[in-house]
Amino acid sequence: MAFYLDMSSVLDTFKTEVKVVSNSSNGEWVDGQWQETTSTQEQVFYEPFIPNDLVGQYSLMNMLRETGNVTEFNAIWLSSVPNFEIGTIVQHKDKNYKIVNIQDLSDYSNVTMYYLQSEEGNDGNKL
């Protein structure tokens with residue numbers, strides 16, 4: 001017998017604000033040249049956002065690479081929305097994260113696990 005785990009109460013109990021930012025690209029021909037217009041669409045969800053890979057406090061991990069000091073933030077977002085793609089930008093508490101992996105649990109539950117990663121270097125470059 002197959003089982004199904006309803007995670008609705010977990011999603012409601014541990015919810016926090018998570019914003020998904022997606023860019024759509026449109027355009028039109030003006031005087032024989034293509035004019036690209038980019039619009040940003042934001043969606044706000046209230047679902048669990050969990051720090052992952054706890055190395056130090058709040059999953060903050062410093063590494064030294066040949067390019068300098070790099071800080072990585074790793075997290076998991078539990079969502080009832082299963083249709084976001086790898087590379088989608090997710091914001092939580094003014095930090096940008098990128099979806100780097102997806103675990104679809106729809107066969108067993110009503111959640112999708114999105115694995116998020118963000119890097120911030122000494123030069124101020126952010127995701």
# chains A, B, ... in the order shown; residues from 1 in each chain; ligands from 1
>>> residues_around(residues="stretch 104-119 of chain A", least_positions_apart="3", cutoff="6 Å", atoms="only C-alpha atoms", output="tab-separated table (two decimals) with C-alpha atoms, in the first residue's frame")
chain	number	residue	atom	x	y	z
A	4	TYR	CA	1.05	9.91	1.25
A	5	LEU	CA	2.34	12.44	3.76
A	6	ASP	CA	0.30	15.64	3.93
A	71	THR	CA	31.09	33.09	1.41
A	72	GLU	CA	28.42	30.49	0.63
A	73	PHE	CA	24.89	30.42	1.99
A	74	ASN	CA	22.99	27.18	1.62
A	75	ALA	CA	19.33	26.62	2.37
A	76	ILE	CA	16.34	24.45	1.59
A	77	TRP	CA	12.95	25.86	0.71
A	78	LEU	CA	9.96	23.57	1.23
A	79	SER	CA	7.24	24.62	-1.16
A	80	SER	CA	3.81	23.49	-2.25
A	82	PRO	CA	6.29	22.44	-7.92
A	97	TYR	CA	19.64	32.64	-3.53
A	98	LYS	CA	19.56	30.60	-6.72
A	99	ILE	CA	17.78	27.26	-7.08
A	100	VAL	CA	20.57	24.75	-7.79
A	101	ASN	CA	18.69	21.48	-7.34
>>> residues_around(residues="stretch 8-17 of chain A", least_positions_apart="4", cutoff="6 Å", atoms="only C-alpha atoms", output="number ranges by chain")
A: 45-48
>>> write_last_selection(atoms="N, CA, C and O atoms", output="compact mmCIF listing (two decimals), in the first residue's frame")
# COMPACT_ATOMS: atom_id res chain seq x y z
N PHE A 45 5.60 33.98 -1.24
CA PHE A 45 5.04 32.79 -0.63
C PHE A 45 5.38 32.81 0.85
O PHE A 45 6.37 33.40 1.27
N TYR A 46 4.57 32.16 1.66
CA TYR A 46 4.84 32.01 3.08
C TYR A 46 4.99 30.52 3.35
O TYR A 46 4.01 29.80 3.59
N GLU A 47 6.25 30.08 3.27
CA GLU A 47 6.58 28.66 3.39
C GLU A 47 7.90 28.50 4.13
O GLU A 47 8.66 29.46 4.27
N PRO A 48 8.22 27.30 4.59
CA PRO A 48 9.46 27.08 5.37
C PRO A 48 10.73 27.31 4.54
O PRO A 48 10.83 26.89 3.40
>>> atom_distance(atom1="atom CA of A:Lys93", atom2="atom CA of A:Phe49")
10.4 Å
>>> atom_distance(atom1="atom CA of A:Gly87", atom2="atom CA of A:Pro51")
18.6 Å
>>> atom_distance(atom1="atom CA of A:Gln91", atom2="atom CA of A:Val20")
6.3 Å
>>> closest_residue(among="A:Gln41, A:Gln35, A:Gln103, A:Asn52", to="A:Thr88", atoms="only C-alpha atoms")
A:Gln41
>>> closest_residue(among="A:Ser22, A:Glu42, A:Glu28, A:Phe3", to="A:Ile86", atoms="only C-alpha atoms")
A:Ser22
